[in-house]
file input37.cif (mmCIF, C-alpha atoms, pLDDT in the B column; chains and numbers go by the auth columns)
data_structure
loop_
_atom_site.group_PDB
_atom_site.id
_atom_site.type_symbol
_atom_site.label_atom_id
_atom_site.label_comp_id
_atom_site.label_asym_id
_atom_site.label_seq_id
_atom_site.Cartn_x
_atom_site.Cartn_y
_atom_site.Cartn_z
_atom_site.B_iso_or_equiv
_atom_site.auth_seq_id
_atom_site.auth_asym_id
ATOM 1 C CA VAL A 1 1.071 1.006 14.355 90.00 1 A
ATOM 2 C CA ARG A 2 1.589 3.693 17.004 89.00 2 A
ATOM 3 C CA ASP A 3 -1.025 5.824 18.716 87.00 3 A
ATOM 4 C CA GLU A 4 -0.830 9.481 19.790 89.00 4 A
ATOM 5 C CA LYS A 5 0.956 8.442 23.016 93.00 5 A
ATOM 6 C CA ASN A 6 3.558 6.486 20.989 93.00 6 A
ATOM 7 C CA ASN A 7 2.212 3.107 22.197 91.00 7 A
ATOM 8 C CA LYS A 8 2.978 0.374 19.683 93.00 8 A
ATOM 9 C CA TYR A 9 0.343 -2.167 18.523 93.00 9 A
ATOM 10 C CA ALA A 10 0.832 -5.288 16.412 93.00 10 A
ATOM 11 C CA VAL A 11 -0.641 -5.332 12.894 96.00 11 A
ATOM 12 C CA ILE A 12 -2.733 -8.454 12.325 96.00 12 A
ATOM 13 C CA SER A 13 -3.817 -7.929 8.714 97.00 13 A
ATOM 14 C CA PHE A 14 -4.093 -5.302 5.966 98.00 14 A
ATOM 15 C CA ALA A 15 -5.059 -4.776 2.346 98.00 15 A
ATOM 16 C CA PHE A 16 -2.307 -3.537 0.018 98.00 16 A
ATOM 17 C CA THR A 17 -2.664 -1.944 -3.420 98.00 17 A
ATOM 18 C CA TYR A 18 0.155 -0.814 -5.706 97.00 18 A
ATOM 19 C CA GLU A 19 -0.783 1.850 -8.281 97.00 19 A
ATOM 20 C CA GLN A 20 1.893 1.764 -10.962 96.00 20 A
ATOM 21 C CA HIS A 21 2.124 4.627 -13.473 93.00 21 A
ATOM 22 C CA GLN A 22 3.526 3.961 -16.932 90.00 22 A
ATOM 23 C CA PRO A 23 3.843 6.598 -19.653 89.00 23 A
ATOM 24 C CA TYR A 24 2.568 5.769 -23.143 91.00 24 A
ATOM 25 C CA LEU A 25 1.946 7.482 -26.456 92.00 25 A
ATOM 26 C CA ASN A 26 -1.703 7.580 -27.555 89.00 26 A
ATOM 27 C CA ASP A 27 -1.904 6.098 -31.086 88.00 27 A
ATOM 28 C CA THR A 28 -4.962 8.167 -32.016 87.00 28 A
ATOM 29 C CA THR A 29 -4.005 11.617 -30.725 89.00 29 A
ATOM 30 C CA GLY A 30 -0.229 11.280 -30.688 89.00 30 A
ATOM 31 C CA GLN A 31 -0.259 12.775 -27.184 91.00 31 A
ATOM 32 C CA PRO A 32 1.601 11.263 -24.245 92.00 32 A
ATOM 33 C CA GLY A 33 -0.491 9.807 -21.432 89.00 33 A
ATOM 34 C CA ILE A 34 -0.170 7.880 -18.194 90.00 34 A
ATOM 35 C CA TYR A 35 -1.470 4.321 -17.892 91.00 35 A
ATOM 36 C CA LYS A 36 -2.354 3.233 -14.356 95.00 36 A
ATOM 37 C CA ASP A 37 -2.096 -0.434 -13.390 95.00 37 A
ATOM 38 C CA TYR A 38 -3.352 -1.680 -10.010 96.00 38 A
ATOM 39 C CA THR A 39 -2.021 -4.758 -8.216 95.00 39 A
ATOM 40 C CA GLY A 40 -2.815 -5.818 -4.692 96.00 40 A
ATOM 41 C CA ASP A 41 -3.828 -8.435 -2.184 97.00 41 A
ATOM 42 C CA ASN A 42 -4.938 -8.941 1.410 98.00 42 A
ATOM 43 C CA PHE A 43 -2.318 -10.051 3.929 97.00 43 A
ATOM 44 C CA LYS A 44 -2.684 -11.671 7.339 97.00 44 A
ATOM 45 C CA ALA A 45 0.722 -10.516 8.571 95.00 45 A
ATOM 46 C CA ALA A 46 2.466 -7.449 9.971 94.00 46 A
ATOM 47 C CA GLY A 47 4.290 -6.668 6.715 94.00 47 A
ATOM 48 C CA LEU A 48 4.593 -7.442 3.038 96.00 48 A
ATOM 49 C CA PRO A 49 6.021 -10.849 2.092 96.00 49 A
ATOM 50 C CA VAL A 50 9.598 -10.887 0.769 96.00 50 A
ATOM 51 C CA LEU A 51 8.423 -11.568 -2.798 95.00 51 A
ATOM 52 C CA TRP A 52 6.217 -8.450 -2.776 95.00 52 A
ATOM 53 C CA SER A 53 8.829 -6.166 -1.190 94.00 53 A
ATOM 54 C CA THR A 54 11.552 -7.368 -3.564 96.00 54 A
ATOM 55 C CA ARG A 55 9.325 -6.746 -6.596 93.00 55 A
ATOM 56 C CA LEU A 56 8.413 -3.277 -5.324 94.00 56 A
ATOM 57 C CA LYS A 57 12.068 -2.348 -4.831 93.00 57 A
ATOM 58 C CA GLU A 58 12.728 -3.342 -8.448 94.00 58 A
ATOM 59 C CA SER A 59 9.769 -1.553 -10.025 92.00 59 A
ATOM 60 C CA LEU A 60 8.898 1.546 -7.934 94.00 60 A
ATOM 61 C CA GLN A 61 9.067 4.760 -9.916 93.00 61 A
ATOM 62 C CA GLN A 62 8.257 8.394 -9.306 92.00 62 A
ATOM 63 C CA GLY A 63 4.502 8.944 -9.380 92.00 63 A
ATOM 64 C CA ASP A 64 3.574 5.445 -8.166 96.00 64 A
ATOM 65 C CA VAL A 65 1.302 5.136 -5.125 97.00 65 A
ATOM 66 C CA LEU A 66 1.174 2.529 -2.324 98.00 66 A
ATOM 67 C CA TYR A 67 -2.100 2.064 -0.433 98.00 67 A
ATOM 68 C CA PHE A 68 -2.465 0.274 2.905 98.00 68 A
ATOM 69 C CA ASP A 69 -6.151 -0.133 3.808 98.00 69 A
ATOM 70 C CA ASP A 70 -8.248 -2.172 6.239 97.00 70 A
ATOM 71 C CA ILE A 71 -5.365 -2.243 8.721 97.00 71 A
ATOM 72 C CA ILE A 72 -6.367 -4.353 11.726 97.00 72 A
ATOM 73 C CA ILE A 73 -4.342 -4.036 14.933 96.00 73 A
ATOM 74 C CA GLN A 74 -4.455 -5.999 18.160 94.00 74 A
ATOM 75 C CA TYR A 75 -5.223 -3.484 20.911 89.00 75 A
ATOM 76 C CA ALA A 76 -5.372 -6.010 23.750 86.00 76 A
ATOM 77 C CA THR A 77 -5.517 -9.792 24.067 87.00 77 A
ATOM 78 C CA ASP A 78 -9.176 -9.870 23.036 90.00 78 A
ATOM 79 C CA LYS A 79 -9.568 -6.470 21.310 94.00 79 A
ATOM 80 C CA PHE A 80 -8.929 -5.609 17.684 95.00 80 A
ATOM 81 C CA TYR A 81 -9.289 -2.224 16.016 95.00 81 A
ATOM 82 C CA LYS A 82 -9.150 -0.845 12.498 95.00 82 A
ATOM 83 C CA ALA A 83 -6.362 1.718 12.042 94.00 83 A
ATOM 84 C CA PRO A 84 -6.594 4.615 9.546 94.00 84 A
ATOM 85 C CA SER A 85 -5.577 3.925 5.953 96.00 85 A
ATOM 86 C CA LEU A 86 -2.136 4.927 4.725 96.00 86 A
ATOM 87 C CA ARG A 87 -1.223 6.329 1.304 97.00 87 A
ATOM 88 C CA ILE A 88 2.394 6.687 0.196 97.00 88 A
ATOM 89 C CA ASP A 89 3.144 8.769 -2.910 97.00 89 A
ATOM 90 C CA VAL A 90 6.545 7.975 -4.442 95.00 90 A
ATOM 91 C CA LYS A 91 8.445 11.183 -5.194 92.00 91 A
#

call {"tool": "encode", "arguments": {"input": "input37.cif", "output": "structure tokens"}}
result
Amino acid sequence: VRDEKNNKYAVISFAFTYEQHQPYLNDTTGQPGIYKDYTGDNFKAAGLPVLWSTRLKESLQQGDVLYFDDIIIQYATDKFYKAPSLRIDVK
């Protein structure tokens, strides 16, 4: 995480949610729709584990959304702060 002065701070933990969009055909109306499936977890690390990042690379599609919430950074040796949430829309 970087601040407005471009100082870099280590990420200690974060919550991650993957909103996957899948098209489907409604059996009742015959109209197409979008099914949203949510998958996520809390991580005590600076980044996603290899298993998660590999799976995302395989399955990301246009319209999907990645959420990074509850981002905790280490500001100083004994100070921790919560950084703003991050939303990434896949185009």

call {"tool": "resolve_selection", "arguments": {"input": "input37.cif", "expression": "the PyMOL selection byres ((chain A and resi 21-36) around 8)", "output": "ChimeraX atom specification"}}
result
/A:19-20,37-38,61,63-64

call {"tool": "resolve_selection", "arguments": {"input": "input37.cif", "expression": "the PyMOL selection byres ((chain A and resi 84) around 12)", "output": "PDB file with C-alpha atoms, in the coordinates of the input"}}
result
ATOM      1  CA  VAL A   1       1.071   1.006  14.355  1.00 90.00           C
ATOM      2  CA  ARG A   2       1.589   3.693  17.004  1.00 89.00           C
ATOM      3  CA  ASP A   3      -1.025   5.824  18.716  1.00 87.00           C
ATOM      4  CA  PHE A  14      -4.093  -5.302   5.966  1.00 98.00           C
ATOM      5  CA  ALA A  15      -5.059  -4.776   2.346  1.00 98.00           C
ATOM      6  CA  TYR A  67      -2.100   2.064  -0.433  1.00 98.00           C
ATOM      7  CA  PHE A  68      -2.465   0.274   2.905  1.00 98.00           C
ATOM      8  CA  ASP A  69      -6.151  -0.133   3.808  1.00 98.00           C
ATOM      9  CA  ASP A  70      -8.248  -2.172   6.239  1.00 97.00           C
ATOM     10  CA  ILE A  71      -5.365  -2.243   8.721  1.00 97.00           C
ATOM     11  CA  ILE A  72      -6.367  -4.353  11.726  1.00 97.00           C
ATOM     12  CA  ILE A  73      -4.342  -4.036  14.933  1.00 96.00           C
ATOM     13  CA  TYR A  81      -9.289  -2.224  16.016  1.00 95.00           C
ATOM     14  CA  LYS A  82      -9.150  -0.845  12.498  1.00 95.00           C
ATOM     15  CA  ALA A  83      -6.362   1.718  12.042  1.00 94.00           C
ATOM     16  CA  SER A  85      -5.577   3.925   5.953  1.00 96.00           C
ATOM     17  CA  LEU A  86      -2.136   4.927   4.725  1.00 96.00           C
ATOM     18  CA  ARG A  87      -1.223   6.329   1.304  1.00 97.00           C
TER      19      ARG A  87
END

call {"tool": "closest_residue", "arguments": {"input": "input37.cif", "among": "A:Val65, A:Leu60, A:Ala76, A:Val50", "to": "Ile12 in chain A", "atoms": "all atoms listed in the file"}}
result
A:Ala76

call {"tool": "resolve_selection", "arguments": {"input": "input37.cif", "expression": "the PyMOL selection byres ((chain A and resi 41) around 7)", "output": "list in words"}}
result
Ala15, Phe16, Thr17, Gly40, Asn42 and Phe43 of chain A

call {"tool": "write_last_selection", "arguments": {"input": "input37.cif", "atoms": "C-alpha atoms", "output": "tab-separated table (two decimals), in the frame of the given file"}}
result
chain	number	residue	atom	x	y	z
A	15	ALA	CA	-5.06	-4.78	2.35
A	16	PHE	CA	-2.31	-3.54	0.02
A	17	THR	CA	-2.66	-1.94	-3.42
A	40	GLY	CA	-2.82	-5.82	-4.69
A	42	ASN	CA	-4.94	-8.94	1.41
A	43	PHE	CA	-2.32	-10.05	3.93

call {"tool": "atom_distance", "arguments": {"input": "input37.cif", "atom1": "CA of Val11 in chain A", "atom2": "CA of Thr39 in chain A"}}
result
21.2 Å

call {"tool": "closest_residue", "arguments": {"input": "input37.cif", "among": "A:Ala45, A:Gln62, A:Lys79, A:Lys57", "to": "Lys91 in chain A", "atoms": "all atoms listed in the file"}}
result
A:Gln62

call {"tool": "atom_distance", "arguments": {"input": "input37.cif", "atom1": "CA of Lys44 in chain A", "atom2": "CA of Asn7 in chain A"}}
result
21.5 Å

call {"tool": "atom_distance", "arguments": {"input": "input37.cif", "atom1": "CA of Thr54 in chain A", "atom2": "CA of Asp89 in chain A"}}
result
18.2 Å

call {"tool": "axis_aligned_box", "arguments": {"input": "input37.cif", "around": "range 56-64 of chain A", "padding_each_side": "3 Å", "output": "JSON"}}
result
{"center_x": 8.2, "center_y": 2.8, "center_z": -7.4, "size_x": 15.2, "size_y": 18.3, "size_z": 11.2}

call {"tool": "closest_residue", "arguments": {"input": "input37.cif", "among": "A:Leu51, A:Ile88, A:Ala46, A:Leu56", "to": "Ala10 in chain A", "atoms": "all atoms listed in the file"}}
result
A:Ala46

call {"tool": "build_atoms", "arguments": {"input": "input37.cif", "residues": "range 10-35 of chain A", "atoms": "N, CA, C and O atoms", "output": "compact mmCIF listing (two decimals), in the frame of the given file"}}
result
# COMPACT_ATOMS: atom_id res chain seq x y z
N ALA A 10 0.51 -4.33 17.47
CA ALA A 10 0.83 -5.29 16.41
C ALA A 10 -0.22 -5.24 15.30
O ALA A 10 -1.42 -5.22 15.56
N VAL A 11 0.25 -5.25 14.05
CA VAL A 11 -0.64 -5.33 12.89
C VAL A 11 -0.98 -6.80 12.68
O VAL A 11 -0.09 -7.66 12.65
N ILE A 12 -2.27 -7.09 12.53
CA ILE A 12 -2.73 -8.45 12.32
C ILE A 12 -2.97 -8.73 10.84
O ILE A 12 -2.63 -9.79 10.33
N SER A 13 -3.55 -7.76 10.14
CA SER A 13 -3.82 -7.93 8.71
C SER A 13 -4.00 -6.56 8.06
O SER A 13 -4.23 -5.56 8.74
N PHE A 14 -3.90 -6.54 6.72
CA PHE A 14 -4.09 -5.30 5.97
C PHE A 14 -4.32 -5.63 4.50
O PHE A 14 -4.00 -6.73 4.03
N ALA A 15 -4.89 -4.68 3.80
CA ALA A 15 -5.06 -4.78 2.35
C ALA A 15 -4.02 -3.84 1.72
O ALA A 15 -3.85 -2.71 2.16
N PHE A 16 -3.35 -4.32 0.68
CA PHE A 16 -2.31 -3.54 0.02
C PHE A 16 -2.64 -3.40 -1.46
O PHE A 16 -3.02 -4.38 -2.10
N THR A 17 -2.48 -2.19 -1.99
CA THR A 17 -2.66 -1.94 -3.42
C THR A 17 -1.50 -1.11 -3.93
O THR A 17 -1.11 -0.12 -3.30
N TYR A 18 -0.95 -1.52 -5.07
CA TYR A 18 0.16 -0.81 -5.71
C TYR A 18 -0.38 -0.20 -6.99
O TYR A 18 -0.84 -0.92 -7.88
N GLU A 19 -0.35 1.13 -7.08
CA GLU A 19 -0.78 1.85 -8.28
C GLU A 19 0.47 2.23 -9.05
O GLU A 19 1.22 3.11 -8.65
N GLN A 20 0.69 1.54 -10.16
CA GLN A 20 1.89 1.76 -10.96
C GLN A 20 1.54 2.66 -12.15
O GLN A 20 0.55 2.43 -12.84
N HIS A 21 2.35 3.69 -12.38
CA HIS A 21 2.12 4.63 -13.47
C HIS A 21 3.15 4.36 -14.58
O HIS A 21 4.34 4.31 -14.30
N GLN A 22 2.63 4.20 -15.80
CA GLN A 22 3.53 3.96 -16.93
C GLN A 22 3.16 4.92 -18.06
O GLN A 22 2.00 4.96 -18.49
N PRO A 23 4.13 5.69 -18.54
CA PRO A 23 3.84 6.60 -19.65
C PRO A 23 3.64 5.82 -20.96
O PRO A 23 4.19 4.74 -21.14
N TYR A 24 2.79 6.38 -21.83
CA TYR A 24 2.57 5.77 -23.14
C TYR A 24 2.24 6.87 -24.14
O TYR A 24 1.92 8.00 -23.76
N LEU A 25 2.29 6.54 -25.40
CA LEU A 25 1.95 7.48 -26.46
C LEU A 25 0.63 7.04 -27.07
O LEU A 25 0.51 5.91 -27.57
N ASN A 26 -0.38 7.89 -27.02
CA ASN A 26 -1.70 7.58 -27.56
C ASN A 26 -1.61 7.48 -29.08
O ASN A 26 -1.20 8.44 -29.74
N ASP A 27 -1.99 6.33 -29.64
CA ASP A 27 -1.90 6.10 -31.09
C ASP A 27 -2.83 7.02 -31.87
O ASP A 27 -2.51 7.43 -32.98
N THR A 28 -3.97 7.36 -31.32
CA THR A 28 -4.96 8.17 -32.02
C THR A 28 -4.60 9.64 -32.02
O THR A 28 -4.62 10.29 -33.07
N THR A 29 -4.27 10.18 -30.84
CA THR A 29 -4.00 11.62 -30.72
C THR A 29 -2.53 11.98 -30.86
O THR A 29 -2.20 13.13 -31.11
N GLY A 30 -1.65 11.01 -30.65
CA GLY A 30 -0.23 11.28 -30.69
C GLY A 30 0.27 11.96 -29.42
O GLY A 30 1.43 12.36 -29.35
N GLN A 31 -0.60 12.11 -28.43
CA GLN A 31 -0.26 12.78 -27.18
C GLN A 31 0.21 11.76 -26.14
O GLN A 31 -0.29 10.63 -26.09
N PRO A 32 1.18 12.17 -25.32
CA PRO A 32 1.60 11.26 -24.24
C PRO A 32 0.52 11.17 -23.17
O PRO A 32 -0.25 12.10 -22.96
N GLY A 33 0.47 10.03 -22.51
CA GLY A 33 -0.49 9.81 -21.43
C GLY A 33 0.13 8.93 -20.36
O GLY A 33 1.25 8.45 -20.51
N ILE A 34 -0.63 8.73 -19.30
CA ILE A 34 -0.17 7.88 -18.19
C ILE A 34 -1.16 6.73 -18.04
O ILE A 34 -2.36 6.96 -17.86
N TYR A 35 -0.66 5.52 -18.11
CA TYR A 35 -1.47 4.32 -17.89
C TYR A 35 -1.29 3.90 -16.43
O TYR A 35 -0.17 3.84 -15.94
